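Working notes, beginning with the structure itself.
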Amino acid sequence: MSSVPSSPAVPAIRCQGLVKHYADVAAVDGVNLAIETGECFGLLGPNGAGKTTTIEILEGLTLPDAGDVEVLGMRWGRGHSAGDHALRERLGIQLQETQLADKLTVEETVRLFRSFYRNSHTVDEVLTLVELEEKRKAWVAKLSGGQKQRLAVACALVSRPELLFLDEPTTGLDPQSRRQLWEVISRFRAEGGTVVLTTHYMEEAERLCDRVAIMDHGKVIALDSTRRLIASLGAEHVVEFALADGAGGAPDAAELAALPGVRSVRPATDRTALTVTEVHRSVPALMVLLERRGAELSMLATHHATLEDVFVALTGRQLRDE
Amino acid sequence: MNDSPLVQLTLARMREFYREPEAVFWVFGFPIVLAFALGIAFRNRGPEELKVGVLRSPGDSAVAEVLGRSRALTASVLDPEEARLQLRAGRIALLIVPGDPVVYRYDSTRTEGRLARLEADEALQRSAGRGDGERVRDERVTEPGSRYIDFLIPGLLGMNLMGSGLWGVGFSVVQARTKKLLKRFMATPMRRSHYLTSFILSRLVFLFIEVAALIGFGWWIFDVGVRGSFASLAFITILGALSFAGLGMLVASRARTIEAVSGLMNLVMLPMWILSGTFFSYARFPDALQPFVKALPLTALNDALRAVMIDGSSLAQLGAPLAVVAGWGLVSFALALKIFRWR
């Protein structure tokens, strides 16, 4: 089978009313998604939000309890039917927990995965794609975390997939390895590939994804482009501050909300966050207010609003537990 | 050809095995070490001379001379105190006190003591003029084919086929499952039959080396031959290897952890180590146990291997044990396919 470009009329993925229970926990609880050909779609959420279960249902590895899934215009059969094989030929999949065989070399591993597909990249091509040419003779056991992850992506790319699934591809990697993987993904997209990835790094989602579905407790709680999700906060900046103990009275939420440029106030135990439109107007006003109260700052920081802030605004919780 | 998934999967199996020095030792080295150690320990010893003492007293040297002529005895003249100590320590098996009557002093609960008494009495009585009433001839059975090592090598071969079949298949499958590699393969268009067949193929490759090493060693060091045809031997070992690979697949079909599969393996193998007549004949077990013992795949395999190697039997004579071996393999494999956990 040569790579027939998918008709733009058929979305890469469409799923309706996905439900999956484990014991009495609803891991996925009514998820609907439509992912267009050529886009990079992110599932963002904390651990346990149902991202991995969702992506594995889409990959045909987990059977949903209810719901309908269509991938590249096809439906998963039960197990290993001929139709499933034909669909798998067109997908590239990287799973979150796979440990490739330690005692095989990089080249042997890619060659093994390559043998499963009718239409595939050569070993050289795919090692060039993930920049592992120099490690081709090295045992998997000897690779760094980033190199192992790039090898896992190589095994997903070797099939010349139309659709690439990546489950937390950069979790646990150092920043440099993370950037290297982002480049691999960007190159795949530049060739017209569709990507579905899960992550709990908002920076990764902002950097790579055209659209993001934010998940929490098995549900999609927001779905839009990253830019519009952030814009939904109504302001582009976040000011965070904390007060030193015992120095005067803290201002209440109503007083803070009344400050110029402040759109919303999120008090938390260790710090208070203000979403603001104009930092240069809000911060001096905040200083004046605190001075009047005799309160003393122990921390003050400002940053551009991120998906993290969107998540906190939606759930009242931090995205990561750290 | 080289890009066929079956070839690549089989190569991966083989590489993972031979790059694991411990596994290589247990499959190839250990049976040879065991054969060597047991072969030495239970070798057929030549007739050993028994040491006897003659108490220092009048006429001692005449007695010692008569005894010394016996091929079975070495005699020395000892003082009373020395004689007492050596007898107690077992350095001499018998103390002879010359006189009338001649006194034999020995520990009658020890085989050497009774044996030395018989030999010494024979020598002394014969020198006093006793003759043979009956004509006799000795026939010694120490030729190849009836020694312990001849019994042992086929047993070790059988045990090794069991161990490497179960471990080789079971361990790799469960490792792939715990590392989520099995699930990763399920995310490709790989055929399940290719995955399972690759285990069989890699087993067959190593089987050849495994069998050749042990048979070659037995032949080279202990002169253990193969009386039957090599084709029969090859057929039986292949059948045995496939059967135990099937059993390995079954043991590994559900287990999620290495600990669980190790426990199951030992549970399956332990009865066969003890009962299946690898190191000693299973005829020693009570009659009530015999049907169970004979139904075990390793018992049947050992019987078939011994029949070919020692007795030179042909395959046609081995229908029953070979049916037992094949039956176990087929049933295990079919069951494993049915209940196999693919992720």
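Residue numbers start at 1 in each chain; chains themselves are named A, B, ... in the order of the structure tokens; ligands are numbered from 1 in the order shown.
Selected on chain B by distance to chain A: Asp3, Ser4, Pro5, Gln8, Glu16, Lys179, Lys180, Leu181, Thr188, Pro189 and Met190 of chain B (within 6 Å, counting only C-alpha atoms).
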Exercise for the section: Excluding segment 177-186 of chain A and any residue of its chain fewer than 2 positions from it, enumerate the residues within 12 Å of it, using only C-alpha atoms, and give them as a PyMOL selection string. Expected result: chain A and resi 38-41+126-132+144-154+156-157+163-166+168-175+188-197+199+201+203-210
Export of the given selection (C-alpha atoms) as a PDB file, in the first residue's frame:
```pdb
ATOM      1  CA  GLY A  38      -2.716  17.576   9.595  1.00  0.00           C
ATOM      2  CA  GLU A  39      -3.300  19.084  12.986  1.00  0.00           C
ATOM      3  CA  CYS A  40      -1.424  18.484  16.208  1.00  0.00           C
ATOM      4  CA  PHE A  41      -3.924  17.769  18.923  1.00  0.00           C
ATOM      5  CA  VAL A 126      14.325   6.842  10.441  1.00  0.00           C
ATOM      6  CA  LEU A 127      17.538   7.092  12.477  1.00  0.00           C
ATOM      7  CA  THR A 128      18.262  10.348  10.660  1.00  0.00           C
ATOM      8  CA  LEU A 129      14.766  11.603  11.491  1.00  0.00           C
ATOM      9  CA  VAL A 130      15.351  11.151  15.220  1.00  0.00           C
ATOM     10  CA  GLU A 131      19.097  11.941  15.106  1.00  0.00           C
ATOM     11  CA  LEU A 132      20.268   8.607  16.463  1.00  0.00           C
ATOM     12  CA  SER A 144      20.116   8.041  27.917  1.00  0.00           C
ATOM     13  CA  GLY A 145      16.468   8.682  28.757  1.00  0.00           C
ATOM     14  CA  GLY A 146      16.118  11.141  25.890  1.00  0.00           C
ATOM     15  CA  GLN A 147      17.742   8.767  23.411  1.00  0.00           C
ATOM     16  CA  LYS A 148      15.490   5.899  24.500  1.00  0.00           C
ATOM     17  CA  GLN A 149      12.472   8.115  23.994  1.00  0.00           C
ATOM     18  CA  ARG A 150      13.647   9.164  20.546  1.00  0.00           C
ATOM     19  CA  LEU A 151      14.145   5.479  19.713  1.00  0.00           C
ATOM     20  CA  ALA A 152      10.571   4.811  20.843  1.00  0.00           C
ATOM     21  CA  VAL A 153       9.425   7.594  18.512  1.00  0.00           C
ATOM     22  CA  ALA A 154      11.609   6.137  15.747  1.00  0.00           C
ATOM     23  CA  ALA A 156       6.505   4.761  15.780  1.00  0.00           C
ATOM     24  CA  LEU A 157       7.738   6.726  12.734  1.00  0.00           C
ATOM     25  CA  LEU A 163      -1.323   9.524  12.205  1.00  0.00           C
ATOM     26  CA  LEU A 164       1.152   9.564  15.078  1.00  0.00           C
ATOM     27  CA  PHE A 165       0.103   8.887  18.685  1.00  0.00           C
ATOM     28  CA  LEU A 166       2.471  10.003  21.443  1.00  0.00           C
ATOM     29  CA  GLU A 168       3.638  11.645  27.345  1.00  0.00           C
ATOM     30  CA  PRO A 169       6.607  11.598  24.991  1.00  0.00           C
ATOM     31  CA  THR A 170       8.790  13.920  27.052  1.00  0.00           C
ATOM     32  CA  THR A 171       7.841  13.087  30.640  1.00  0.00           C
ATOM     33  CA  GLY A 172      10.939  12.842  32.806  1.00  0.00           C
ATOM     34  CA  LEU A 173      13.297  14.246  30.182  1.00  0.00           C
ATOM     35  CA  ASP A 174      15.735  17.114  30.662  1.00  0.00           C
ATOM     36  CA  PRO A 175      14.931  20.360  28.784  1.00  0.00           C
ATOM     37  CA  PHE A 188       6.786  15.070  11.104  1.00  0.00           C
ATOM     38  CA  ARG A 189       4.067  17.717  11.058  1.00  0.00           C
ATOM     39  CA  ALA A 190       5.851  19.714   8.383  1.00  0.00           C
ATOM     40  CA  GLU A 191       5.481  16.653   6.144  1.00  0.00           C
ATOM     41  CA  GLY A 192       1.715  16.795   6.653  1.00  0.00           C
ATOM     42  CA  GLY A 193       1.363  14.208   9.419  1.00  0.00           C
ATOM     43  CA  THR A 194      -1.360  14.312  12.055  1.00  0.00           C
ATOM     44  CA  VAL A 195      -0.293  14.094  15.704  1.00  0.00           C
ATOM     45  CA  VAL A 196      -2.259  13.251  18.839  1.00  0.00           C
ATOM     46  CA  LEU A 197      -0.267  13.608  22.023  1.00  0.00           C
ATOM     47  CA  THR A 199       1.161  15.686  28.120  1.00  0.00           C
ATOM     48  CA  TYR A 201       3.481  20.016  30.450  1.00  0.00           C
ATOM     49  CA  GLU A 203       4.625  24.478  27.767  1.00  0.00           C
ATOM     50  CA  GLU A 204       4.763  21.421  25.522  1.00  0.00           C
ATOM     51  CA  ALA A 205       1.111  21.761  24.584  1.00  0.00           C
ATOM     52  CA  GLU A 206       1.498  25.490  23.842  1.00  0.00           C
ATOM     53  CA  ARG A 207       4.596  24.870  21.789  1.00  0.00           C
ATOM     54  CA  LEU A 208       3.361  21.924  19.698  1.00  0.00           C
ATOM     55  CA  CYS A 209      -0.408  21.792  19.622  1.00  0.00           C
ATOM     56  CA  ASP A 210      -2.848  23.579  17.355  1.00  0.00           C
TER      57      ASP A 210
END
```
Exercise for the section: May I have all residues of segment 23-255 of chain A that DSSP, computed from the backbone, assigns to helix (DSSP H, G or I), given as a count of residues only? Expected result: 82
Exercise for the section: If you run DSSP over the backbone, which residues in segment 33-182 of chain A end up strand (DSSP E)? Put them as a PyMOL selection string. Expected result: chain A and resi 33-35+40-44+66-71+91-94+163-167
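With only C-alpha atoms as the atoms that count, the minimum distance from Val251 of chain B to the choices B:Gly327, B:Gly216, B:Pro80, B:Gly168 is reached by B:Gly168.
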Practice task
Extract, using only C-alpha atoms, all DNA, RNA and protein residues at most 12 Å from Ser193 of chain B, discarding same-chain residues fewer than 2 positions from it, and format them as a PyMOL selection string.
Solution key: (chain A and resi 80) or (chain B and resi 5-6+9+186+189-191+195-200+333+337+340+342)
Once you have the residues from the selection above, write them out as a PDB file, in the first residue's frame, restricted to C-alpha atoms.
```
ATOM      1  CA  HIS A  80      -6.616  -8.689  15.310  1.00  0.00           C
TER       2      HIS A  80
ATOM      3  CA  PRO B   5       8.852 -10.301  10.672  1.00  0.00           C
ATOM      4  CA  LEU B   6       9.328 -13.951  11.588  1.00  0.00           C
ATOM      5  CA  LEU B   9      11.465 -11.740  15.753  1.00  0.00           C
ATOM      6  CA  MET B 186       0.005  -5.294  19.646  1.00  0.00           C
ATOM      7  CA  PRO B 189       0.311  -5.009  12.476  1.00  0.00           C
ATOM      8  CA  MET B 190       2.527  -7.860  13.777  1.00  0.00           C
ATOM      9  CA  ARG B 191       0.832 -11.252  13.527  1.00  0.00           C
ATOM     10  CA  TYR B 195       5.423 -13.815  17.679  1.00  0.00           C
ATOM     11  CA  LEU B 196       4.718 -17.248  19.137  1.00  0.00           C
ATOM     12  CA  THR B 197       6.425 -19.104  16.280  1.00  0.00           C
ATOM     13  CA  SER B 198       9.595 -17.062  16.774  1.00  0.00           C
ATOM     14  CA  PHE B 199       9.999 -18.701  20.180  1.00  0.00           C
ATOM     15  CA  ILE B 200       9.719 -22.150  18.663  1.00  0.00           C
ATOM     16  CA  PHE B 333      -0.026 -24.952  23.325  1.00  0.00           C
ATOM     17  CA  LEU B 337      -3.303 -19.738  22.739  1.00  0.00           C
ATOM     18  CA  PHE B 340      -2.870 -15.851  26.417  1.00  0.00           C
ATOM     19  CA  TRP B 342      -1.567 -10.159  24.971  1.00  0.00           C
TER      20      TRP B 342
END
```
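If you look at atom CA of Ala141 of chain A and atom CA of Arg19 of chain B, they are 12.1 Å away from each other.
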Handout entry: Between atom CA of Pro271 of chain B and atom CA of Leu201 of chain B - distance in Å to one decimal
Key = 27.6 Å
Practice task
Would you mind listing what lies within 12 Å of Gly261 of chain A as a PyMOL selection string, with only C-alpha atoms counted and same-chain residues fewer than 2 positions away left out?
Solution key: chain A and resi 234-239+256-259+263-265+274-286
Prev. selection, N, CA and C atoms, output as a CSV table (one decimal), in the first residue's frame:
```
chain,number,residue,atom,x,y,z
A,234,GLY,N,-9.5,36.2,29.9
A,234,GLY,CA,-9.9,37.6,29.8
A,234,GLY,C,-8.7,38.5,30.0
A,235,ALA,N,-7.5,38.0,30.2
A,235,ALA,CA,-6.4,38.8,30.5
A,235,ALA,C,-5.1,38.0,30.2
A,236,GLU,N,-4.0,38.7,29.9
A,236,GLU,CA,-2.9,37.9,29.4
A,236,GLU,C,-1.8,37.7,30.4
A,237,HIS,N,-1.9,38.4,31.6
A,237,HIS,CA,-0.9,38.3,32.6
A,237,HIS,C,-1.4,37.8,33.9
A,238,VAL,N,-0.5,37.2,34.6
A,238,VAL,CA,-0.8,36.7,36.0
A,238,VAL,C,0.2,37.3,37.0
A,239,VAL,N,-0.3,37.9,38.0
A,239,VAL,CA,0.5,38.5,39.1
A,239,VAL,C,0.3,37.6,40.3
A,256,LEU,N,-9.0,43.3,46.2
A,256,LEU,CA,-8.1,43.1,45.1
A,256,LEU,C,-8.7,43.2,43.7
A,257,ALA,N,-10.0,42.6,43.7
A,257,ALA,CA,-10.7,42.6,42.4
A,257,ALA,C,-11.0,44.1,41.9
A,258,ALA,N,-11.0,45.0,42.9
A,258,ALA,CA,-11.4,46.4,42.6
A,258,ALA,C,-10.2,47.2,42.0
A,259,LEU,N,-9.0,46.6,42.1
A,259,LEU,CA,-7.8,47.3,41.7
A,259,LEU,C,-7.8,47.4,40.2
A,263,ARG,N,-8.7,41.3,36.5
A,263,ARG,CA,-9.9,40.6,36.0
A,263,ARG,C,-10.4,39.6,36.9
A,264,SER,N,-9.5,38.9,37.6
A,264,SER,CA,-10.0,37.9,38.6
A,264,SER,C,-8.9,37.6,39.7
A,265,VAL,N,-9.4,37.1,40.8
A,265,VAL,CA,-8.6,36.9,41.9
A,265,VAL,C,-8.7,35.4,42.3
A,274,LEU,N,-3.5,37.0,40.7
A,274,LEU,CA,-4.4,37.9,40.1
A,274,LEU,C,-4.2,37.8,38.6
A,275,THR,N,-5.3,37.7,37.8
A,275,THR,CA,-5.3,37.7,36.4
A,275,THR,C,-5.5,39.2,36.0
A,276,VAL,N,-4.5,39.7,35.2
A,276,VAL,CA,-4.6,41.2,35.0
A,276,VAL,C,-4.4,41.4,33.5
A,277,THR,N,-5.0,42.6,33.0
A,277,THR,CA,-4.8,42.9,31.6
A,277,THR,C,-3.5,43.8,31.5
A,278,GLU,N,-3.2,44.6,32.4
A,278,GLU,CA,-2.1,45.5,32.3
A,278,GLU,C,-1.2,45.5,33.6
A,279,VAL,N,-0.1,44.8,33.5
A,279,VAL,CA,0.7,44.6,34.7
A,279,VAL,C,1.2,46.0,35.3
A,280,HIS,N,1.5,46.9,34.3
A,280,HIS,CA,2.1,48.2,34.8
A,280,HIS,C,1.1,49.1,35.5
A,281,ARG,N,-0.2,48.8,35.4
A,281,ARG,CA,-1.2,49.5,36.2
A,281,ARG,C,-1.6,48.8,37.5
A,282,SER,N,-1.7,47.5,37.4
A,282,SER,CA,-2.2,46.7,38.5
A,282,SER,C,-1.1,46.6,39.7
A,283,VAL,N,0.2,46.4,39.3
A,283,VAL,CA,1.2,46.2,40.3
A,283,VAL,C,1.4,47.4,41.2
A,284,PRO,N,1.5,48.7,40.7
A,284,PRO,CA,1.7,49.8,41.6
A,284,PRO,C,0.4,50.0,42.5
A,285,ALA,N,-0.7,49.7,41.9
A,285,ALA,CA,-1.9,49.8,42.8
A,285,ALA,C,-1.9,48.8,43.9
A,286,LEU,N,-1.5,47.6,43.6
A,286,LEU,CA,-1.4,46.6,44.6
A,286,LEU,C,-0.4,47.0,45.7
```
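The spacing separating atom CA of Ala83 of chain B from atom CA of Ala116 of chain B amounts to 15.4 Å.
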Handout entry: Neighbour list for Ala128 of chain B as a ChimeraX atom specification, cut-off 12 Å, only C-alpha atoms, skip fewer than 3 positions in-chain
Key = /B:62-63,66,121-125,131
Problem - Contacts of Arg341 of chain B at 12 Å (only C-alpha atoms; same-chain gap of 3+ positions) as a list of chain:residue names - result: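 Final neighbour list, sorted by chain and number: A:Gly79, B:Val173, B:Val174, B:Ala176, B:Arg177, B:Thr178, B:Lys180, B:Leu182, B:Lys183, B:Met186, B:Arg192, B:Met249, B:Leu250, B:Val251, B:Ala252, B:Ser253, B:Arg254, B:Ala255, B:Arg256, B:Leu335, B:Ala336, B:Leu337, B:Lys338.
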Exercise for the section: Tell me which protein, DNA and RNA residues are within 9 Å of Asn160 of chain B, counting only C-alpha atoms, leaving out same-chain ones fewer than 2 positions away, and put them as a VMD selection string. Expected result: chain B and resid 27 to 28 31 155 to 158 162 to 165 210 to 211
Those selected residues, please, written with N, CA and C atoms and delivered as a short mmCIF file (atom, residue, chain, number, x, y, z; two decimals), in the first residue's frame.
```
data_model
loop_
_atom_site.label_atom_id
_atom_site.label_comp_id
_atom_site.auth_asym_id
_atom_site.auth_seq_id
_atom_site.Cartn_x
_atom_site.Cartn_y
_atom_site.Cartn_z
N VAL B 27 21.96 -22.93 30.46
CA VAL B 27 21.47 -23.83 29.42
C VAL B 27 22.57 -24.75 28.90
N PHE B 28 23.76 -24.19 28.68
CA PHE B 28 24.80 -25.00 28.06
C PHE B 28 25.84 -25.50 29.05
N PRO B 31 24.56 -28.17 32.58
CA PRO B 31 24.37 -29.62 32.41
C PRO B 31 25.70 -30.36 32.25
N GLY B 155 19.20 -38.64 30.89
CA GLY B 155 18.36 -37.97 31.88
C GLY B 155 18.66 -36.47 31.94
N LEU B 156 19.95 -36.14 31.93
CA LEU B 156 20.33 -34.72 31.95
C LEU B 156 19.85 -34.02 30.69
N LEU B 157 19.92 -34.74 29.58
CA LEU B 157 19.45 -34.17 28.32
C LEU B 157 17.96 -33.83 28.43
N GLY B 158 17.20 -34.77 28.96
CA GLY B 158 15.77 -34.55 29.13
C GLY B 158 15.49 -33.38 30.05
N MET B 162 13.69 -29.70 29.28
CA MET B 162 12.58 -29.16 30.07
C MET B 162 12.93 -27.75 30.56
N GLY B 163 14.09 -27.61 31.18
CA GLY B 163 14.47 -26.32 31.77
C GLY B 163 14.56 -25.22 30.73
N SER B 164 15.27 -25.50 29.64
CA SER B 164 15.46 -24.42 28.67
C SER B 164 14.16 -24.13 27.93
N GLY B 165 13.32 -25.14 27.74
CA GLY B 165 12.02 -24.90 27.10
C GLY B 165 11.15 -24.01 27.95
N GLU B 210 22.61 -27.24 22.18
CA GLU B 210 22.44 -27.78 23.52
C GLU B 210 22.65 -29.31 23.52
N VAL B 211 22.01 -29.97 22.58
CA VAL B 211 22.08 -31.43 22.50
C VAL B 211 23.48 -31.86 22.09
#
```
Handout entry: Nearest-residue call for Gly228 of chain B, choices B:Ala72, B:Leu247, B:Ala304, B:Leu264, using only C-alpha atoms
Key =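 For Gly228 of chain B, the nearest of the given residues is B:Ala304.
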